[in-house]
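Please read the structure below before turning to the comments.
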Protein chains: 2
Amino acid sequence: MAVNLQAPDPADLHPVRGVRLGVAQAGIRKADRTDLLLVALDPGASVAGVFTRNRFCAAPVLVAKEHLGAGKPVRALVVNTGVANAGTGEPGIARARETCRDAARLLGCDAAQVLPFSTGVIMEPLPADKIAAALPRCVAGLAESRWSEAATAIMTTDTVPKAASRRVRAGDASIVVTGIAKGAGMIHPDMATMLAFVALDAPIAPALLRRMVERVAAASFNRITVDGDTSTNDAFIVVATGKAAQAIESERDPRFASVYEGLEDVSKRLAQAIVRDGEGATKFITVRVEQGADAAECDRVAYAIAHSPLVKTAFFASDPNLGRILAAIGYAGIADLDVSRVDLYLDDVLVAKGGARAAGYCEEDGQRVMKKPEIAVRVALGRGTAGTELWTCDLSHGYVSINADYRS
Amino acid sequence: MAVNLQAPDPADLHPVRGVRLGVAQAGIRKADRTDLLLVALDPGASVAGVFTRNRFCAAPVLVAKEHLGAGKPVRALVVNTGVANAGTGEPGIARARETCRDAARLLGCDAAQVLPFSTGVIMEPLPADKIAAALPRCVAGLAESRWSEAATAIMTTDTVPKAASRRVRAGDASIVVTGIAKGAGMIHPDMATMLAFVALDAPIAPALLRRMVERVAAASFNRITVDGDTSTNDAFIVVATGKAAQAIESERDPRFASVYEGLEDVSKRLAQAIVRDGEGATKFITVRVEQGADAAECDRVAYAIAHSPLVKTAFFASDPNLGRILAAIGYAGIADLDVSRVDLYLDDVLVAKGGARAAGYCEEDGQRVMKKPEIAVRVALGRGTAGTELWTCDLSHGYVSINADYRS
């Protein structure tokens with residue numbers, strides 16, 4: 001029931017030279033399910049990432065950050081679904097390290113050159129032995145063409161595998177950017193709740209890649225919310241294999257803009273795919289807040305709207321009960337908000353003008369927009385020139401069913 | 001489907017001398033529904049209140065605050081359901097004033113001695129003419145015995161009328177405290193989202209009554225949350241008619257403690273009744289956070305748990321997927337939280353010890369507690385001696401149905 005989201009055609013996912021992918025059924029939580037992904041990187045790749053800020057961050061997040069920080073060239077990512085390896089204490093960290101060692105042994109590198117990732121149920125022990133047993137099958141199948149299978153391997157409550165790919169021109173070279181993501185619930189902006197891996201074959205200096213990842217995350221995965229829950233396991237990793245062109249060292253490089261744009265575009269499409277496949281989603285909602293005094297207050301208003309269960313159920317019902325949006329604007333925490341300057345639009349329909357129902361607004365117009373699968377809410381605060389945009393979905397019976405039944 | 005909540009027996013609701021109540025069917029939004037309440041106060045009553053902090057606060061909230069602030073003795077409250085008169089601009093304020101004038105004319109007082117209250121759909125015009133037409137019927141029926149009918153008259157999506165009453169001893173006198181409340185959705189702690197009116201027949205000096213209302217609200221209506229939405233129309237009003245004893249001027253009066261305790265007890269029972277009747281509620285959840293560095297951080301953790309849709313759906317499903325509670329603790333915003341000192345209890349079952357699953361915990365114990373209709377979540381942060389407690393409910397299909405269908 002995802003909103004305007006199809007599984008990617010494997011033919012549209014361009015391989016990234018220097019990135020090989022292999023999957024296996026490890027039986028981590030359920031049998032007959034592909035639940036393990038190994039991504040092997042050729043020597044010379046730059047890797048950077050951003051991670052959840054949840055204090056209960058998972059053991060693999062701690063280990064991945066440690067390994068990234070140690071500065072050795074990363075040679076592999078190992079991703080399992082089924083068990084999040086969060087809330088598991090010291091034994092959880094030991095098991096994440098064990099998985100790194102197992103993968104390193106098979107690939108002939110150091111354990112510190114492997115980044116582990118897990119997603120699934122919290123507070124259950126990771127069956128590292130099952131992962132160890134399945135890793136050789138991942139290695140045996142490693143191929144540059146397996147992006148589609150990789151996208152499927154990392155799904156949990158996702159109903160559609162998520163992948164995006166494009167080519168960008170960078171000077172004389174053609175650069176490929178391809179990525180996959182998973183996530184449908186426990187999605188919140190403070191490092192969007194998900195796993196996402198994007199690779200490009202441009203060679204990008206590590207320090208520059210780190211800046212790019214922060215900026216891309218702020219424009220993509222940190223602009224989505226499904227239920228306001230920040231996961232323990234979020235990670236967004238970008239790999240630059242360096243196979244395609246001469247090194248890009250800084251933002252002043254004339255090729256930077258197009259490469260960055262390609263990376264941001266793929267990341268935005270993956271981020272929006274997560275919302276389109278949000279648990280129980282039947283509507284894709286863009287929330288734009290304009291005329292704010294600064295971006296932070298625009299964000300507060302946008303998230304108040306996007307998190308309001310009352311607003312989200314009204315979208316589910318296609319009910320233009322739009323006073324609920326005014327209420328959310330009102331409690332967003334702008335202490336000196338002058339509501340008599342606030343305008344509200346639903347797509348191009350002016351709903352409220354100067355803080356009250358617009359003279360020309362009629363319910364039929366609101367109803368017509370509310371019935372669409374994709375809707376833009378636009379709020380003009382009348383306070384300044386700052387603006388923001390984020391993406392969310394509605395709150396339906398499907399969300400309750402999925403999360404009431406998740407473990408059964 | 002409210003959780004352990006029955007309609008009050010009218011015989012248990014003690015009249016408060018000096019408070020007369022009258023109701024009518026005004027046809028504000030639906031026909032054949034008692035939707036108007038007039039509360040008439042004898043001269044000499046003290047009145048104090050706290051109101052929503054939503055910037056889009058409703059017209060009646062603005063007018064009621066203005067009238068309370070003007071300092072004239074309050075002689076009446078007028079409460080309508082069906083239409084909230086919020087997001088209605090200047091015309092909304094004019095209509096709230098019109099209702100005050102109409103009630104004042106019938107009761108022989110000034111319009112500034114009448115406080116208006118509205119609850120219902122936002123951004124629709126208040127039919128003040130229908131209220132004017134129905135007010136004489138409220139006046140004709142005024143009686144001290146009508147608390148039960150009054151509780152029914154102010155219901156919106158409530159499934160059970162909410163009232164509480166008790167007698168307390170204050171020196172030689174017997175004091176009556178009786179109150180009513182409404183609210184089931186759009187419930188959030190920053191002035192709990194509801195209307196509540198409590199009267200007592202002790203004579204309490206106005207300045208003292210104002211302090212008491214703030215303190216009582218902090219201990220009752222500001223400790224509940226259903227969906228995290230702060231309403232535009234919240235108000236909690238306390239009336240002290242002064243019929244029963246000598247004036248109480250300050251907290252040092254030996255009778256103060258028992259009168260305060262009676263007021264807080266009635267208010268807590270009304271606040272908890274709102275959660276028990278929370279939209280779609282099937283579980284009543286108490287969240288206690290202990291061993292915090294200060295009360296504010298305990299509140300942040302408690303509200304993160306109480307607002308998490310994932311935690312709330314797990315309670316609905318009776319599924320001990322308790323890692324979701326750890327995740328909520330982790331994103332509650334305590335930057336230096338040491339998760340290895342965090343313990344989690346479900347009723348008396350130790351679920352997590354030192355940030356990880358407790359050695360002695362087995363899923364059957366968690367399952368046993370999760371099946372109960374009333375559950376206490378207890379978190380020990382291991383940081384200090386501060387603590388907090390609040391009350392919430394689960395998130396069920398019922399919530400989605402009620403809010404998707406509210407206006408239809």
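Just remember, in the structure tokens the first chain shown is A, the second B, etc., residues are 1-based per chain, and ligands are 1-based in the order shown.
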
**Contact set, chain A to chain B: 8 Å, only C-alpha atoms, as a PyMOL selection string** = chain A and resi 53-57+86-89+121-124+186+227-232+308-310+313-314+316-317+319+321-324+326-331+334-335+337-340+354-357+395-397+400-401+403-405+407

**Request:** Write out as a VMD selection string which residues come within 7 Å of Ala386 of chain B when counting only C-alpha atoms, dropping same-chain ones fewer than 6 positions away.
**Result:** chain B and resid 290 to 295

**Prompt:** Which of segment 81-228 of chain B counts as alpha helix (DSSP H) under DSSP, as a ChimeraX atom specification please?
**Reply:** /B:89-107,128-140,147-153,206-219

**Asked** Val168 of chain A: which residues within 12 Å, counting only C-alpha atoms, same-chain residues fewer than 4 positions away excluded, as a ChimeraX atom specification?
**Response** /A:14,172-178,200-202,244,255-266

**Request:** Excluding Glu149 of chain A and residues on its chain fewer than 4 positions from it, collect all residues at most 9 Å away from it, counting only C-alpha atoms, and give them as a ChimeraX atom specification.
**Result:** /A:10,21-23,34,37,145,153-154,161

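Shortest separation to Val50 of chain B among B:Ala133, B:Ile237, B:Trp147, B:Ala218 occurs at residue B:Ile237, atoms counted being only C-alpha atoms.
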
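Here atom CA of Gly18 of chain A and atom CA of Asp42 of chain A stand 4.9 Å from one another.
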
**Asked** Which residues in segment 111-338 of chain A does DSSP call strand (DSSP E or B)? List them as a VMD selection string.
**Response** chain A and resid 114 to 121 143 162 to 170 173 to 182 195 to 200 204 224 to 225 235 to 240 248 284 to 292

**Prompt:** In Å, with one decimal, what is the gap from atom CA of Val301 of chain B to atom CA of Val377 of chain B?
**Reply:**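 Between these atoms lies a distance of 11.5 Å.
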
**Request:** Excluding Asp110 of chain A and residues on its chain fewer than 6 positions from it, collect all residues at most 9 Å away from it, counting only C-alpha atoms, and give them as a list in words.
**Result:**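 Contacts, in chain order: Lys72, Arg75, Cys100, Arg101 and Ala104 of chain A.
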
**Request:** Name the closest residue to Asp35 of chain B among the candidates B:Met155, B:Val239, B:Val3, B:Val61; distances are taken between atoms, counting only C-alpha atoms.
**Result:**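 The closest residue to Asp35 of chain B is B:Met155.
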